file structure.cif (mmCIF, C-alpha atoms)
data_query
loop_
_atom_site.group_PDB
_atom_site.id
_atom_site.type_symbol
_atom_site.label_atom_id
_atom_site.label_comp_id
_atom_site.auth_asym_id
_atom_site.auth_seq_id
_atom_site.Cartn_x
_atom_site.Cartn_y
_atom_site.Cartn_z
ATOM 1 C CA MET A 1195 0.000 0.000 0.000
ATOM 2 C CA VAL A 1196 2.898 2.341 0.805
ATOM 3 C CA LYS A 1197 4.218 1.810 -2.742
ATOM 4 C CA TYR A 1198 0.888 2.894 -4.256
ATOM 5 C CA ILE A 1199 0.776 5.993 -2.037
ATOM 6 C CA LEU A 1200 4.242 7.056 -3.202
ATOM 7 C CA VAL A 1201 3.224 6.577 -6.851
ATOM 8 C CA LEU A 1202 0.079 8.666 -6.238
ATOM 9 C CA GLU A 1203 2.122 11.437 -4.602
ATOM 10 C CA ASN A 1204 4.476 11.552 -7.596
ATOM 11 C CA CYS A 1205 1.541 11.773 -10.015
ATOM 12 C CA LEU A 1206 -0.042 14.613 -8.050
ATOM 13 C CA GLU A 1207 3.254 16.513 -7.895
ATOM 14 C CA TYR A 1208 3.595 16.175 -11.681
ATOM 15 C CA LEU A 1209 0.057 17.517 -12.236
ATOM 16 C CA GLU A 1210 0.606 20.390 -9.791
ATOM 17 C CA ASP A 1211 3.832 21.377 -11.566
ATOM 18 C CA HIS A 1212 2.272 21.342 -15.065
ATOM 19 C CA HIS A 1213 -1.225 22.631 -14.193
ATOM 20 C CA SER A 1214 -0.551 24.799 -11.156
ATOM 21 C CA LYS A 1215 -3.579 27.108 -11.648
ATOM 22 C CA THR A 1216 -6.310 24.578 -12.428
ATOM 23 C CA ILE A 1217 -5.414 21.553 -10.272
ATOM 24 C CA PRO A 1218 -6.192 23.296 -6.918
ATOM 25 C CA LEU A 1219 -9.654 24.180 -8.263
ATOM 26 C CA TYR A 1220 -10.263 20.533 -9.186
ATOM 27 C CA TYR A 1221 -9.037 19.547 -5.712
ATOM 28 C CA MET A 1222 -11.601 21.847 -4.115
ATOM 29 C CA LEU A 1223 -14.408 20.776 -6.446
ATOM 30 C CA LEU A 1224 -13.780 17.119 -5.613
ATOM 31 C CA SER A 1225 -13.484 17.977 -1.915
ATOM 32 C CA SER A 1226 -16.884 19.729 -2.027
ATOM 33 C CA PHE A 1227 -18.452 16.715 -3.744
ATOM 34 C CA LEU A 1228 -16.963 14.318 -1.168
ATOM 35 C CA ASN A 1229 -18.141 16.549 1.690
ATOM 36 C CA ALA A 1230 -21.681 16.600 0.337
ATOM 37 C CA SER A 1231 -21.514 12.825 -0.235
ATOM 38 C CA ASN A 1232 -20.323 12.384 3.349
ATOM 39 C CA THR A 1233 -23.393 14.131 4.744
ATOM 40 C CA LEU A 1234 -25.632 12.219 2.332
ATOM 41 C CA LEU A 1235 -24.220 8.934 3.640
ATOM 42 C CA SER A 1236 -24.830 10.035 7.225
ATOM 43 C CA LYS A 1237 -28.499 10.639 6.378
ATOM 44 C CA GLN A 1238 -28.733 6.957 5.364
ATOM 45 C CA LEU A 1239 -28.066 5.839 8.951
ATOM 46 C CA PRO A 1240 -31.015 7.112 11.023
ATOM 47 C CA GLY A 1241 -30.740 4.134 13.384
ATOM 48 C CA VAL A 1242 -27.021 4.506 14.118
ATOM 49 C CA PRO A 1243 -26.176 7.043 16.875
ATOM 50 C CA THR A 1244 -24.189 10.068 15.745
ATOM 51 C CA GLU A 1245 -21.475 9.267 18.267
ATOM 52 C CA GLU A 1246 -21.027 5.805 16.782
ATOM 53 C CA GLN A 1247 -20.800 7.253 13.261
ATOM 54 C CA LEU A 1248 -18.058 9.614 14.415
ATOM 55 C CA PHE A 1249 -16.230 6.775 16.208
ATOM 56 C CA ILE A 1250 -16.094 4.491 13.128
ATOM 57 C CA ARG A 1251 -15.174 7.471 10.955
ATOM 58 C CA ALA A 1252 -12.251 8.212 13.302
ATOM 59 C CA ILE A 1253 -10.984 4.606 13.072
ATOM 60 C CA VAL A 1254 -10.967 4.787 9.261
ATOM 61 C CA MET A 1255 -9.271 8.212 9.226
ATOM 62 C CA LEU A 1256 -6.674 7.139 11.794
ATOM 63 C CA THR A 1257 -5.814 4.000 9.804
ATOM 64 C CA ILE A 1258 -5.312 5.890 6.522
ATOM 65 C CA ASN A 1259 -3.482 8.774 8.161
ATOM 66 C CA SER A 1260 -1.062 6.470 9.997
ATOM 67 C CA THR A 1261 -0.116 4.973 6.622
ATOM 68 C CA PHE A 1262 0.561 8.443 5.192
ATOM 69 C CA ILE A 1263 2.665 9.332 8.248
ATOM 70 C CA SER A 1264 4.791 6.206 7.790
ATOM 71 C CA THR A 1265 5.536 7.193 4.173
ATOM 72 C CA GLN A 1266 6.390 10.793 5.134
ATOM 73 C CA LYS A 1267 8.399 9.737 8.243
ATOM 74 C CA LEU A 1268 6.846 12.519 10.306
ATOM 75 C CA ASP A 1269 7.353 13.008 14.040
ATOM 76 C CA VAL A 1270 3.876 12.814 15.599
ATOM 77 C CA TYR A 1271 4.758 13.251 19.271
ATOM 78 C CA ARG A 1272 6.699 16.447 19.727
ATOM 79 C CA PRO A 1273 8.389 17.753 22.889
ATOM 80 C CA ASN A 1274 6.829 21.197 22.364
ATOM 81 C CA ILE A 1275 4.161 21.266 25.093
ATOM 82 C CA ASN A 1276 2.523 24.477 23.855
ATOM 83 C CA LEU A 1277 2.094 23.085 20.334
ATOM 84 C CA THR A 1278 0.817 19.758 21.663
ATOM 85 C CA MET A 1279 -1.813 21.532 23.774
ATOM 86 C CA LYS A 1280 -2.940 23.519 20.710
ATOM 87 C CA LEU A 1281 -3.255 20.290 18.717
ATOM 88 C CA ILE A 1282 -5.298 18.639 21.469
ATOM 89 C CA LEU A 1283 -7.518 21.700 21.923
ATOM 90 C CA ARG A 1284 -8.079 21.985 18.175
ATOM 91 C CA SER A 1285 -8.996 18.306 18.052
ATOM 92 C CA ILE A 1286 -11.469 18.483 20.944
ATOM 93 C CA VAL A 1287 -13.171 21.615 19.614
ATOM 94 C CA GLY A 1288 -13.244 20.216 16.068
ATOM 95 C CA CYS A 1289 -14.641 16.886 17.233
ATOM 96 C CA ILE A 1290 -17.467 18.502 19.220
ATOM 97 C CA GLY A 1291 -18.273 20.788 16.268
ATOM 98 C CA THR A 1292 -18.402 17.802 13.893
ATOM 99 C CA LEU A 1293 -20.575 15.874 16.357
ATOM 100 C CA LEU A 1294 -23.050 18.766 16.546
ATOM 101 C CA PHE A 1295 -23.146 19.008 12.741
ATOM 102 C CA TYR A 1296 -23.930 15.316 12.323
ATOM 103 C CA LYS A 1297 -26.586 15.529 15.030
ATOM 104 C CA SER A 1298 -28.225 18.482 13.275
ATOM 105 C CA LEU A 1299 -28.712 16.334 10.161
ATOM 106 C CA LYS A 1300 -31.205 14.247 12.171
ATOM 107 C CA TYR A 1301 -33.516 17.305 12.238
ATOM 108 C CA LEU A 1302 -32.670 19.244 9.060
ATOM 109 C CA PRO A 1303 -32.673 18.597 5.315
ATOM 110 C CA LEU A 1304 -29.187 17.911 3.996
ATOM 111 C CA SER A 1305 -28.941 21.191 2.066
ATOM 112 C CA GLU A 1306 -30.006 23.358 5.027
ATOM 113 C CA GLY A 1307 -27.504 21.686 7.344
ATOM 114 C CA VAL A 1308 -24.645 22.185 4.890
ATOM 115 C CA VAL A 1309 -25.383 25.822 4.038
ATOM 116 C CA LEU A 1310 -25.727 26.763 7.728
ATOM 117 C CA TYR A 1311 -22.518 24.933 8.647
ATOM 118 C CA ARG A 1312 -20.684 26.888 5.972
ATOM 119 C CA THR A 1313 -21.401 30.164 7.804
ATOM 120 C CA SER A 1314 -18.170 29.595 9.771
ATOM 121 C CA PRO A 1315 -16.332 32.444 7.924
ATOM 122 C CA LEU A 1316 -18.946 34.830 9.350
ATOM 123 C CA TRP A 1317 -18.219 33.738 12.932
ATOM 124 C CA THR A 1318 -14.471 33.822 12.238
ATOM 125 C CA THR A 1319 -14.816 37.446 11.089
ATOM 126 C CA ILE A 1320 -16.847 38.382 14.172
ATOM 127 C CA MET A 1321 -14.213 36.737 16.425
ATOM 128 C CA SER A 1322 -11.466 38.586 14.553
ATOM 129 C CA ILE A 1323 -13.245 41.873 15.295
ATOM 130 C CA ALA A 1324 -14.267 41.215 18.894
ATOM 131 C CA TYR A 1325 -11.341 39.244 20.314
ATOM 132 C CA LEU A 1326 -8.362 39.051 17.954
ATOM 133 C CA LYS A 1327 -8.573 42.713 16.856
ATOM 134 C CA LYS A 1328 -7.425 41.675 13.357
ATOM 135 C CA GLU A 1329 -10.472 43.090 11.553
ATOM 136 C CA LYS A 1330 -12.009 46.552 11.678
ATOM 137 C CA PHE A 1331 -15.758 46.860 11.879
ATOM 138 C CA GLY A 1332 -16.988 48.894 8.917
ATOM 139 C CA LEU A 1333 -20.105 49.393 6.812
ATOM 140 C CA SER A 1334 -19.304 46.551 4.388
ATOM 141 C CA LEU A 1335 -18.753 44.067 7.215
ATOM 142 C CA MET A 1336 -21.979 45.171 8.875
ATOM 143 C CA VAL A 1337 -23.871 44.548 5.608
ATOM 144 C CA PHE A 1338 -22.264 41.093 5.287
ATOM 145 C CA ILE A 1339 -23.173 40.140 8.857
ATOM 146 C CA VAL A 1340 -26.770 41.401 8.601
ATOM 147 C CA THR A 1341 -27.298 39.674 5.212
ATOM 148 C CA CYS A 1342 -25.947 36.391 6.528
ATOM 149 C CA LEU A 1343 -28.139 36.615 9.659
ATOM 150 C CA VAL A 1344 -31.172 37.274 7.446
ATOM 151 C CA GLY A 1345 -30.287 34.138 5.479
ATOM 152 C CA ILE A 1346 -30.016 32.103 8.685
ATOM 153 C CA THR A 1347 -33.422 33.410 9.834
ATOM 154 C CA LEU A 1348 -35.034 32.485 6.503
ATOM 155 C CA ILE A 1349 -33.710 28.934 6.793
ATOM 156 C CA ALA A 1350 -34.571 28.613 10.494
ATOM 157 C CA GLN A 1351 -38.103 29.868 9.812
ATOM 158 C CA PRO A 1352 -39.063 30.640 13.411
ATOM 159 C CA PRO A 1353 -42.823 30.512 14.129
ATOM 160 C CA PHE A 1354 -43.297 34.297 13.855
ATOM 161 C CA LEU A 1355 -41.816 34.329 10.317
ATOM 162 C CA SER A 1356 -43.990 31.467 9.071
ATOM 163 C CA GLN A 1357 -47.009 33.133 10.645
ATOM 164 C CA ILE A 1358 -46.268 36.452 8.918
ATOM 165 C CA ILE A 1359 -45.607 34.972 5.460
ATOM 166 C CA TYR A 1360 -47.931 31.969 5.313
ATOM 167 C CA GLY A 1361 -50.469 32.805 8.008
ATOM 168 C CA VAL A 1362 -49.730 29.449 9.657
ATOM 169 C CA ASN A 1363 -46.689 27.632 11.012
ATOM 170 C CA THR A 1364 -45.684 25.495 8.023
ATOM 171 C CA ILE A 1365 -43.064 23.287 9.713
ATOM 172 C CA SER A 1366 -42.592 21.403 12.951
ATOM 173 C CA HIS A 1367 -40.499 24.228 14.336
ATOM 174 C CA GLU A 1368 -39.351 22.597 17.588
ATOM 175 C CA HIS A 1369 -37.143 19.965 15.937
ATOM 176 C CA HIS A 1370 -36.233 22.261 13.048
ATOM 177 C CA LEU A 1371 -35.021 25.039 15.342
ATOM 178 C CA LEU A 1372 -33.115 22.493 17.431
ATOM 179 C CA GLY A 1373 -31.309 21.367 14.266
ATOM 180 C CA VAL A 1374 -30.553 24.977 13.320
ATOM 181 C CA GLY A 1375 -29.197 25.681 16.811
ATOM 182 C CA LEU A 1376 -26.949 22.596 16.745
ATOM 183 C CA VAL A 1377 -25.476 23.329 13.308
ATOM 184 C CA ILE A 1378 -24.878 27.030 14.073
ATOM 185 C CA LEU A 1379 -23.058 26.093 17.285
ATOM 186 C CA GLY A 1380 -21.064 23.528 15.304
ATOM 187 C CA SER A 1381 -20.216 26.214 12.744
ATOM 188 C CA MET A 1382 -19.004 28.553 15.505
ATOM 189 C CA LEU A 1383 -16.729 25.800 16.840
ATOM 190 C CA SER A 1384 -15.472 25.266 13.285
ATOM 191 C CA SER A 1385 -14.469 28.938 13.274
ATOM 192 C CA CYS A 1386 -12.468 28.401 16.453
ATOM 193 C CA VAL A 1387 -10.759 25.455 14.750
ATOM 194 C CA GLN A 1388 -9.796 27.644 11.773
ATOM 195 C CA ILE A 1389 -8.251 30.214 14.105
ATOM 196 C CA LEU A 1390 -6.308 27.520 16.001
ATOM 197 C CA ILE A 1391 -5.027 25.947 12.762
ATOM 198 C CA ASN A 1392 -3.976 29.370 11.482
ATOM 199 C CA SER A 1393 -2.013 29.994 14.700
ATOM 200 C CA MET A 1394 0.119 26.865 14.177
ATOM 201 C CA ALA A 1395 0.127 26.535 10.374
ATOM 202 C CA SER A 1396 3.880 27.095 10.093
ATOM 203 C CA GLU A 1397 4.728 24.845 13.046
ATOM 204 C CA VAL A 1398 3.171 21.510 12.124
ATOM 205 C CA HIS A 1399 2.358 19.365 9.074
ATOM 206 C CA GLN A 1400 -1.329 19.109 8.093
ATOM 207 C CA ILE A 1401 -1.223 15.294 8.408
ATOM 208 C CA ILE A 1402 -0.144 15.615 12.047
ATOM 209 C CA ILE A 1403 -3.176 17.859 12.699
ATOM 210 C CA LEU A 1404 -5.406 15.184 11.174
ATOM 211 C CA GLN A 1405 -3.716 12.483 13.278
ATOM 212 C CA TYR A 1406 -4.487 14.256 16.549
ATOM 213 C CA PHE A 1407 -8.028 14.999 15.393
ATOM 214 C CA SER A 1408 -8.645 11.358 14.467
ATOM 215 C CA PHE A 1409 -7.248 10.114 17.786
ATOM 216 C CA ILE A 1410 -9.352 12.527 19.874
ATOM 217 C CA SER A 1411 -12.383 11.615 17.743
ATOM 218 C CA LEU A 1412 -12.081 8.076 19.091
ATOM 219 C CA MET A 1413 -12.440 9.230 22.692
ATOM 220 C CA VAL A 1414 -15.016 12.047 22.580
ATOM 221 C CA PRO A 1415 -17.892 9.955 21.091
ATOM 222 C CA VAL A 1416 -17.262 7.135 23.597
ATOM 223 C CA ALA A 1417 -17.303 9.632 26.477
ATOM 224 C CA THR A 1418 -20.520 11.186 25.132
ATOM 225 C CA LEU A 1419 -22.215 7.773 24.867
ATOM 226 C CA PHE A 1420 -21.122 6.936 28.424
ATOM 227 C CA ILE A 1421 -22.476 10.221 29.815
ATOM 228 C CA GLN A 1422 -25.814 9.678 28.042
ATOM 229 C CA SER A 1423 -25.892 5.996 29.117
ATOM 230 C CA LYS A 1424 -26.459 4.926 25.509
ATOM 231 C CA GLN A 1425 -25.622 1.466 24.256
ATOM 232 C CA LEU A 1426 -23.611 0.798 21.123
ATOM 233 C CA ILE A 1427 -25.633 -0.512 18.199
ATOM 234 C CA ILE A 1428 -24.012 -3.325 16.239
ATOM 235 C CA PRO A 1429 -24.308 -2.204 12.583
ATOM 236 C CA ASP A 1430 -25.323 -4.719 9.944
ATOM 237 C CA GLN A 1431 -23.226 -5.331 6.816
ATOM 238 C CA LYS A 1432 -24.820 -2.513 4.788
ATOM 239 C CA GLU A 1433 -24.506 -0.005 7.647
ATOM 240 C CA MET A 1434 -20.858 -0.951 8.183
ATOM 241 C CA VAL A 1435 -20.079 -0.319 4.507
ATOM 242 C CA ILE A 1436 -21.743 3.111 4.746
ATOM 243 C CA LEU A 1437 -19.829 3.898 7.966
ATOM 244 C CA ILE A 1438 -16.516 3.043 6.286
ATOM 245 C CA MET A 1439 -17.462 5.206 3.290
ATOM 246 C CA ILE A 1440 -18.218 8.081 5.686
ATOM 247 C CA GLY A 1441 -14.680 7.757 7.054
ATOM 248 C CA LEU A 1442 -13.124 7.604 3.578
ATOM 249 C CA THR A 1443 -15.034 10.595 2.181
ATOM 250 C CA ALA A 1444 -14.346 12.647 5.324
ATOM 251 C CA TYR A 1445 -10.609 11.977 5.215
ATOM 252 C CA PHE A 1446 -10.002 12.590 1.523
ATOM 253 C CA SER A 1447 -12.262 15.655 1.392
ATOM 254 C CA GLN A 1448 -10.205 17.192 4.215
ATOM 255 C CA LEU A 1449 -6.919 16.255 2.541
ATOM 256 C CA LEU A 1450 -7.998 17.688 -0.828
ATOM 257 C CA MET A 1451 -9.316 20.885 0.758
ATOM 258 C CA ASN A 1452 -6.051 21.477 2.644
ATOM 259 C CA ARG A 1453 -4.058 20.812 -0.537
ATOM 260 C CA ALA A 1454 -6.247 23.193 -2.541
ATOM 261 C CA TYR A 1455 -5.700 26.036 -0.062
ATOM 262 C CA MET A 1456 -1.952 25.341 0.034
ATOM 263 C CA LYS A 1457 -1.468 25.310 -3.754
ATOM 264 C CA GLY A 1458 -4.221 27.550 -5.130
ATOM 265 C CA ASN A 1459 -5.459 31.121 -5.088
ATOM 266 C CA LEU A 1460 -7.374 31.637 -1.825
ATOM 267 C CA SER A 1461 -10.333 33.550 -3.280
ATOM 268 C CA GLU A 1462 -10.776 31.209 -6.257
ATOM 269 C CA VAL A 1463 -10.543 28.083 -4.113
ATOM 270 C CA SER A 1464 -12.952 29.485 -1.505
ATOM 271 C CA MET A 1465 -15.571 30.302 -4.133
ATOM 272 C CA ILE A 1466 -15.283 26.830 -5.679
ATOM 273 C CA GLY A 1467 -15.820 25.497 -2.155
ATOM 274 C CA GLN A 1468 -19.352 26.921 -2.177
ATOM 275 C CA THR A 1469 -20.290 24.232 -4.734
ATOM 276 C CA GLN A 1470 -20.813 21.943 -1.738
ATOM 277 C CA VAL A 1471 -24.098 23.783 -1.196
ATOM 278 C CA LEU A 1472 -25.129 23.109 -4.813
ATOM 279 C CA PHE A 1473 -24.267 19.405 -4.499
ATOM 280 C CA SER A 1474 -26.283 19.225 -1.276
ATOM 281 C CA TYR A 1475 -29.383 20.767 -2.869
ATOM 282 C CA LEU A 1476 -29.066 18.355 -5.809
ATOM 283 C CA PHE A 1477 -28.746 15.371 -3.463
ATOM 284 C CA ASP A 1478 -31.738 16.577 -1.432
ATOM 285 C CA ILE A 1479 -33.999 16.979 -4.462
ATOM 286 C CA LEU A 1480 -32.816 14.181 -6.772
ATOM 287 C CA LEU A 1481 -31.779 11.427 -4.345
ATOM 288 C CA LEU A 1482 -33.676 12.071 -1.109
ATOM 289 C CA GLY A 1483 -36.862 13.459 -2.674
ATOM 290 C CA GLN A 1484 -36.792 16.345 -0.199
ATOM 291 C CA GLN A 1485 -39.115 19.270 -0.875
ATOM 292 C CA ILE A 1486 -37.185 22.470 -0.190
ATOM 293 C CA ASN A 1487 -39.435 25.453 0.379
ATOM 294 C CA PHE A 1488 -38.869 28.899 -1.095
ATOM 295 C CA LEU A 1489 -37.689 30.530 2.151
ATOM 296 C CA SER A 1490 -34.973 27.921 2.619
ATOM 297 C CA ILE A 1491 -33.666 28.409 -0.932
ATOM 298 C CA LEU A 1492 -33.767 32.197 -0.527
ATOM 299 C CA GLY A 1493 -31.878 31.929 2.775
ATOM 300 C CA GLY A 1494 -29.244 29.750 1.115
ATOM 301 C CA ILE A 1495 -28.787 32.319 -1.654
ATOM 302 C CA PHE A 1496 -28.374 35.089 0.944
ATOM 303 C CA ILE A 1497 -25.725 33.127 2.845
ATOM 304 C CA VAL A 1498 -23.715 31.879 -0.151
ATOM 305 C CA SER A 1499 -23.712 35.286 -1.860
ATOM 306 C CA THR A 1500 -22.534 36.869 1.402
ATOM 307 C CA LEU A 1501 -19.709 34.355 1.811
ATOM 308 C CA VAL A 1502 -18.565 34.838 -1.810
ATOM 309 C CA SER A 1503 -18.652 38.631 -1.329
ATOM 310 C CA MET A 1504 -16.538 38.294 1.831
ATOM 311 C CA VAL A 1505 -13.961 36.216 -0.057
ATOM 312 C CA ILE A 1506 -13.769 38.770 -2.898
ATOM 313 C CA ARG A 1507 -13.430 41.621 -0.394
ATOM 314 C CA LYS A 1508 -10.575 39.900 1.452
ATOM 315 C CA SER A 1509 -8.855 39.068 -1.842
ATOM 316 C CA LYS A 1510 -8.962 42.713 -2.964
ATOM 317 C CA LYS A 1511 -7.756 43.837 0.445
ATOM 318 C CA GLN A 1512 -4.730 41.492 0.250
ATOM 319 C CA GLN A 1513 -3.909 42.706 -3.271
ATOM 320 C CA THR A 1514 -3.709 46.311 -2.050
ATOM 321 C CA LEU A 1515 -1.245 45.446 0.727
ATOM 322 C CA PRO A 1516 2.391 46.357 0.023
ATOM 323 C CA LYS A 1517 4.486 43.343 -0.993
#
call {"tool": "encode", "arguments": {"input": "structure.cif", "output": "structure tokens"}}
result
Amino acid sequence: MVKYILVLENCLEYLEDHHSKTIPLYYMLLSSFLNASNTLLSKQLPGVPTEEQLFIRAIVMLTINSTFISTQKLDVYRPNINLTMKLILRSIVGCIGTLLFYKSLKYLPLSEGVVLYRTSPLWTTIMSIAYLKKEKFGLSLMVFIVTCLVGITLIAQPPFLSQIIYGVNTISHEHHLLGVGLVILGSMLSSCVQILINSMASEVHQIIILQYFSFISLMVPVATLFIQSKQLIIPDQKEMVILIMIGLTAYFSQLLMNRAYMKGNLSEVSMIGQTQVLFSYLFDILLLGQQINFLSILGGIFIVSTLVSMVIRKSKKQQTLPK
């Protein structure tokens, strides 16, 4: 297997050298498709607890990642205590955020869960303004934040909004709002993860970050099941295949996304990343037969257009900085 990995790495390096502008975009497009497929697979396991899905996914990711580490000969356990604590903290926060996202899919359509989870750049910007002092609050940022919050409200469809527009409450809002709350909290934790990764990007290899995340992801779901006094469900053959596919799609989507950001233009790659929302809507309508109402689609348009505008704004801002 190690031999095949080395051959694959050589092929990718050749493509990146000869098609340096387009290959990162293909990486991100494939990553978005795998991410959407990952959530679609999770929706196929209503009887398997979310914690158990995350546990099996972590086993698959840890197995693949350990193989990559052996080929790269990387040092996983470093004497730097500060860096190790950052890696552990990033892993715990990321694991809880992922757990909340998967749980939200029990209550939300696939497309709504994905588009709300992708609001993490909004929360990252707010944190940068409030705590990190790396962003200045201006009119354009205020418009972005308000537009994104309007989009979230349209998707959440609280009772008062449904009453105003339709005259009646058109959805079972208790479970729907619970799903919205879970995925927004998961998105906020994802923002914290992005900030933590950014703070140690030059100190550690991306595969090491994935190794810590996979290892912590083995422990957090087990602890959660123990606290809730839930019993493990033994998956049948079909469920086990789906669980393994969840692990595979999660790992390679993360690897491709990281590679795309490393090799490509940030603004172009980020905008291609929004295709995950399109894939999710297609899966919802064509494969799951989900009926998406007008407010949800409108909210998704608000959020995606806001995120794309934020990417363009940051790209222009970076271009004006002195080199």
call {"tool": "closest_residue", "arguments": {"input": "structure.cif", "among": "A:Gln1238, A:Thr1216, A:Asn1276, A:Thr1257", "to": "A:Ser1393", "atoms": "only C-alpha atoms"}}
result
A:Asn1276
call {"tool": "closest_residue", "arguments": {"input": "structure.cif", "among": "A:Met1434, A:Val1340, A:Leu1348, A:Val1374", "to": "A:Leu1304", "atoms": "all atoms listed in the file"}}
result
A:Val1374
call {"tool": "closest_residue", "arguments": {"input": "structure.cif", "among": "A:Asn1274, A:Gln1266, A:Thr1443, A:Ser1490", "to": "A:Pro1352", "atoms": "only C-alpha atoms"}}
result
A:Ser1490
call {"tool": "resolve_selection", "arguments": {"input": "structure.cif", "expression": "the PyMOL selection byres ((chain A and resi 1458-1474) around 6)", "output": "NGL selection string"}}
result
:A and (1218-1219 or 1222 or 1226 or 1230 or 1305 or 1309 or 1454-1455 or 1457 or 1475-1477 or 1502 or 1505 or 1509)
call {"tool": "write_last_selection", "arguments": {"input": "structure.cif", "atoms": "C-alpha atoms", "output": "mmCIF file, in the frame of the given file"}}
result
data_model
loop_
_atom_site.group_PDB
_atom_site.id
_atom_site.type_symbol
_atom_site.label_atom_id
_atom_site.label_comp_id
_atom_site.auth_asym_id
_atom_site.auth_seq_id
_atom_site.Cartn_x
_atom_site.Cartn_y
_atom_site.Cartn_z
ATOM 1 C CA PRO A 1218 -6.192 23.296 -6.918
ATOM 2 C CA LEU A 1219 -9.654 24.180 -8.263
ATOM 3 C CA MET A 1222 -11.601 21.847 -4.115
ATOM 4 C CA SER A 1226 -16.884 19.729 -2.027
ATOM 5 C CA ALA A 1230 -21.681 16.600 0.337
ATOM 6 C CA SER A 1305 -28.941 21.191 2.066
ATOM 7 C CA VAL A 1309 -25.383 25.822 4.038
ATOM 8 C CA ALA A 1454 -6.247 23.193 -2.541
ATOM 9 C CA TYR A 1455 -5.700 26.036 -0.062
ATOM 10 C CA LYS A 1457 -1.468 25.310 -3.754
ATOM 11 C CA TYR A 1475 -29.383 20.767 -2.869
ATOM 12 C CA LEU A 1476 -29.066 18.355 -5.809
ATOM 13 C CA PHE A 1477 -28.746 15.371 -3.463
ATOM 14 C CA VAL A 1502 -18.565 34.838 -1.810
ATOM 15 C CA VAL A 1505 -13.961 36.216 -0.057
ATOM 16 C CA SER A 1509 -8.855 39.068 -1.842
#
call {"tool": "resolve_selection", "arguments": {"input": "structure.cif", "expression": "the PyMOL selection byres ((chain A and resi 1254) around 12)", "output": "NGL selection string"}}
result
:A and (1247-1253 or 1255-1261 or 1404-1405 or 1408-1409 or 1411-1412 or 1434-1446)
call {"tool": "closest_residue", "arguments": {"input": "structure.cif", "among": "A:Ile1378, A:Leu1333, A:Cys1386, A:Leu1302", "to": "A:Gly1288", "atoms": "all atoms listed in the file"}}
result
A:Cys1386
call {"tool": "atom_distance", "arguments": {"input": "structure.cif", "atom1": "atom CA of A:Asp1478", "atom2": "atom CA of A:Ser1385"}}
result
25.8 Å
call {"tool": "closest_atom_pairs", "arguments": {"input": "structure.cif", "of": "stretch 1402-1512 of chain A", "to": "stretch 1314-1320 of chain A", "cutoff": "9 Å", "atoms": "only C-alpha atoms", "output": "CSV"}}
result
residue,atom,partner,partner_atom,distance
A:Thr1500,CA,A:Leu1316,CA,9.0
A:Leu1501,CA,A:Pro1315,CA,7.2
A:Met1504,CA,A:Pro1315,CA,8.4
call {"tool": "atom_distance", "arguments": {"input": "structure.cif", "atom1": "atom CA of A:Met1336", "atom2": "atom CA of A:Val1498"}}
result
16.2 Å
call {"tool": "closest_residue", "arguments": {"input": "structure.cif", "among": "A:Ile1491, A:Ile1402, A:Phe1262, A:Val1387", "to": "A:Thr1278", "atoms": "only C-alpha atoms"}}
result
A:Ile1402
call {"tool": "atom_distance", "arguments": {"input": "structure.cif", "atom1": "atom CA of A:Leu1450", "atom2": "atom CA of A:Leu1310"}}
result
21.7 Å
call {"tool": "residues_around", "arguments": {"input": "structure.cif", "residues": "A:Ile1391", "least_positions_apart": "6", "cutoff": "12 Å", "atoms": "only C-alpha atoms", "output": "mmCIF file with C-alpha atoms, in the coordinates of the input"}}
result
data_model
loop_
_atom_site.group_PDB
_atom_site.id
_atom_site.type_symbol
_atom_site.label_atom_id
_atom_site.label_comp_id
_atom_site.auth_asym_id
_atom_site.auth_seq_id
_atom_site.Cartn_x
_atom_site.Cartn_y
_atom_site.Cartn_z
ATOM 1 C CA LEU A 1277 2.094 23.085 20.334
ATOM 2 C CA LYS A 1280 -2.940 23.519 20.710
ATOM 3 C CA LEU A 1281 -3.255 20.290 18.717
ATOM 4 C CA ILE A 1282 -5.298 18.639 21.469
ATOM 5 C CA LEU A 1283 -7.518 21.700 21.923
ATOM 6 C CA ARG A 1284 -8.079 21.985 18.175
ATOM 7 C CA SER A 1285 -8.996 18.306 18.052
ATOM 8 C CA VAL A 1287 -13.171 21.615 19.614
ATOM 9 C CA GLY A 1288 -13.244 20.216 16.068
ATOM 10 C CA SER A 1384 -15.472 25.266 13.285
ATOM 11 C CA SER A 1385 -14.469 28.938 13.274
ATOM 12 C CA GLU A 1397 4.728 24.845 13.046
ATOM 13 C CA VAL A 1398 3.171 21.510 12.124
ATOM 14 C CA HIS A 1399 2.358 19.365 9.074
ATOM 15 C CA GLN A 1400 -1.329 19.109 8.093
ATOM 16 C CA ILE A 1402 -0.144 15.615 12.047
ATOM 17 C CA ILE A 1403 -3.176 17.859 12.699
ATOM 18 C CA LEU A 1404 -5.406 15.184 11.174
ATOM 19 C CA PHE A 1407 -8.028 14.999 15.393
ATOM 20 C CA ASN A 1452 -6.051 21.477 2.644
#
call {"tool": "closest_residue", "arguments": {"input": "structure.cif", "among": "A:Phe1488, A:Phe1295, A:Phe1420, A:Tyr1220", "to": "A:Gly1307", "atoms": "all atoms listed in the file"}}
result
A:Phe1295
